[in-house]
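Enquirer: Questions regarding the structure given below will be posed in turn.
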Amino acid sequence: MGMQAIYPQPRTSLPNKGHTKYPYLLGKLMITRSNHVWCTDITYVPMPHGHVYLCCILDWYSRKILGWQVSNTMDASLCQQALLIAIKQSKAFPEILNTDQGSQFTSLEWISSLKKRGISISMDGKGRWRDNVYIERFWRSIKYECIFLKEYSTLPALKNGLQRWIKRYNTWRPHQALGNKTPHQFYEEKLCKSELQEQAITLALASMAHAFKVLKCSTSGSRGHVASLRKPLKPSVAHPKPCLDLTLPVILDYVPTLRSQNSKNPSFTKLILKNFWSKNGVHLKG
C-alpha cells in the first residue's frame with residue numbers, strides 16, 4: 001500500500017571525540033528576560049530524493065524563533081548562517097547559547113564565532129535531550145504541522161513554506177506558558193523590561209563605585225560614613241531614571257560583579273542598592 005510510519009531516522013547529533021565539550025550552564029540558572037539564553041539545534045527534513053537540514057535559533061525565555069537556515073549539507077556553516085540571521089534580526093547577542101554536543105557545535109569555526117562575540121557556551125549532557133527541550137518541542141510542532149503534511153518537493157518551496165509557518169508561529173500562535181501571548185509579543189515585552197533593567201544596573205554599578213570610594217576614604221565604619229552613602233547619586237553622566245520593581249536575585253544574576261560582592265557582604269550590598277536606587281526612581285523588592 002506504500003504506507004510508512006513517520007519517525008525520526010537520521011541522527012544529526014554526531015559528536016567528534018577530538019573536539020572540546022563545554023559544561024551545561026542552565027541547570028540552576030533563572031532565565032528572566034529575552035536574549036538571556038538562546039538555544040539552537042539541527043534537524044533533518046525529508047525530501048523526495050534525500051534529506052536537507054534545518055537549523056533554528058530560539059530565544060529560550062520567549063520561545064521566539066530568531067533565525068533559521070536550510071541547507072543540503074550539515075556542517076558548521078549552516079549553524080553560523082542561522083546565527084548571523086538571528087543576530088541581524090534581533091540586533092542583539094545572547095549571554096549564553098546552548099547546543100548539543102554535535103560536531104557542528106563543537107567545531108573550531110562555531111566556537112570561535114561565539115567567543116569573539118563574548119557569548120558563553122553551554123552544551124547538553126550526553127543523551128540529555130531534555131537539556132534543550134524547547135527546541136526539541138519546536139521540532140515536533142513544525143514537522144507534524146508543516147513539513148510532514150506538505151511534503152515539499154523542492155528547496156525553494158520548502159523555504160517559502162517554512163517562512164510562512166515560522167512567521168505564523170511567532171506572531172499569531174499564542175502559548176499557554178506565556179500567558180496566552182505569542183512568542184513575538186512576549187519577546188518584545190520582556191525586551192523592553194530588560195533594557196530598563198540594564199539602565200538601572202548601570203546606575204547601580206555607579207552607585208557601588210561611589211560607595212566603595214567613600215568607604216576607602218574612611219578609617220572607621222561609623223554611622224556617619226554609612227549615612228553619607230544615603231545621599232542622592234550625582235554621576236558625571238546623566239543616567240535615565242527607570243521606574244520599575246526589581247528583586248535582588250534578578251540583579252545579582254544579571255551583574256556578576258554585584259553577585260560577587262553580595263557573597264562577601266550581602267547586607268552592605270542590599271543597603272547600597274536600596275538607598276541609592278530609591279533616590280533615583282527604582283524600587284528594590286525584598
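How things are named: the first chain in the C-alpha cells is A, the next is B, and so on; residues count from 1 in each chain; ligands count from 1 in the order shown.
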Hey, what's within 12 Å of range 155-169 of chain A if we count only C-alpha atoms and toss same-chain stuff fewer than 2 positions away? As a ChimeraX atom specification, please?
Expert: /A:45-58,62-72,138-139,141-153,171-175,181-185
Enquirer: Could you pull the residues within 10 Å of Asp131 in chain A, counting only C-alpha atoms, minus those fewer than 6 positions along the same chain, as a list in words?
Expert: Tyr24, Leu25, Leu26, Gly27, Asn98, Thr99, Asp100, Met123, Asp124 and Gly125 of chain A
Enquirer: From the options A:Ile135, A:Gly102, A:Tyr44, A:Trp110, which residue's atoms come nearest to Trp60 in chain A, counting only C-alpha atoms?
Expert: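 Of all the options, A:Ile135 lies closest to Trp60 in chain A.
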Enquirer: Could you check the closest approach to Gly118 in chain A for each of A:Phe93, A:Lys88, A:Arg33, A:Leu191 and tell me which residue wins, using only C-alpha atoms?
Expert: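 Residue with the minimum atom-to-atom distance to Gly118 in chain A: A:Phe93.
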Enquirer: As a count of residues only, list the residues of range 2-146 of chain A assigned to strand (DSSP E or B) by DSSP on the backbone atoms of this structure.
Expert: 36
